[in-house]
Amino acid sequence: MGNKKAAALAAIVILLGFGGVIIFPLKKLIKNLLQIKWEIIYSTQNIEIYAKVKGMLLNNNIRMKTEMFSSGGGHGGGYGFATTYHILVRLEDVHKASEVLNSTK
């Protein structure tokens with residue numbers, strides 16, 4: 001948890017006291033409100049394209065994270081497999097990331 005999030009939660013706990021009945025739902029609400037939203041900006045099954053896009057975003061100081069999904073290759077899954085790479089950026093960085101990715105086309 002970041003310092004701002006921890007401080008906000010601590011301030012509410014101090015203001016309301018330690019009544020567990022009130023704090024538990026409030027803690028969940030605060031967590032949802034302060035949670036950083038991420039948006040998928042690019043998806044590919046090509047590892048080289050994934051690496052190129054990731055590098056472009058990082059070189060432009062855009063925070064990103066990756067989700068990977070694999071299919072096949074497991075028990076009863078056949079011989080081949082495919083991994084899909086989803087590149088996500090923070091919601092407030094979507095426009096900047098789009099500009100960076102579209103500038104090379």
# chains A, B, ... in the order shown; residues from 1 in each chain; ligands from 1
$ residues_around --residues "Asp93 of chain A" --least-positions-apart "4" --cutoff "10 Å" --atoms "only C-alpha atoms" --output "ChimeraX atom specification"
/A:38-39,41,62-64,88-89,97-98
$ closest_residue --among "A:Leu58, A:Leu91, A:Val100, A:Met68" --to "Thr44 of chain A" --atoms "only C-alpha atoms"
A:Met68
$ atom_distance --atom1 "atom CA of Ser43 of chain A" --atom2 "atom CA of Ile87 of chain A"
6.2 Å
$ atom_distance --atom1 "atom CA of Thr66 of chain A" --atom2 "atom CA of His86 of chain A"
5.6 Å
$ closest_residue --among "A:Ile36, A:Met56, A:Ile47, A:Leu101" --to "Thr83 of chain A" --atoms "only C-alpha atoms"
A:Ile47
$ select_by_dssp --residues "segment 48-98 of chain A" --states "strand (DSSP E)" --output "list in words"
Met64, Lys65, Thr66, Glu67, Met68, Phe69, Ser70, Ser71, Gly72, Phe81, Ala82, Thr83, Thr84, Tyr85, His86, Ile87, Leu88, Val89 and Arg90 of chain A
$ write_last_selection --atoms "C-alpha atoms" --output "compact mmCIF listing (two decimals), in the first residue's frame"
# COMPACT_ATOMS: atom_id res chain seq x y z
CA MET A 64 3.03 -0.64 -17.37
CA LYS A 65 2.36 -4.19 -16.34
CA THR A 66 1.81 -7.43 -18.22
CA GLU A 67 -0.78 -10.18 -18.02
CA MET A 68 0.01 -13.44 -19.81
CA PHE A 69 -2.42 -16.17 -20.75
CA SER A 70 -1.28 -19.54 -22.11
CA SER A 71 -3.33 -22.18 -23.84
CA GLY A 72 -2.54 -25.72 -24.93
CA PHE A 81 0.61 -23.70 -27.27
CA ALA A 82 0.08 -19.99 -27.54
CA THR A 83 0.73 -17.25 -25.02
CA THR A 84 -1.17 -14.01 -25.29
CA TYR A 85 0.52 -10.96 -23.77
CA HIS A 86 -1.71 -8.12 -22.56
CA ILE A 87 0.14 -4.87 -21.88
CA LEU A 88 -1.66 -2.62 -19.41
CA VAL A 89 -1.04 1.01 -18.49
CA ARG A 90 -2.57 3.16 -15.81
$ atom_distance --atom1 "atom CA of Gln45 of chain A" --atom2 "atom CA of Glu92 of chain A"
25.6 Å
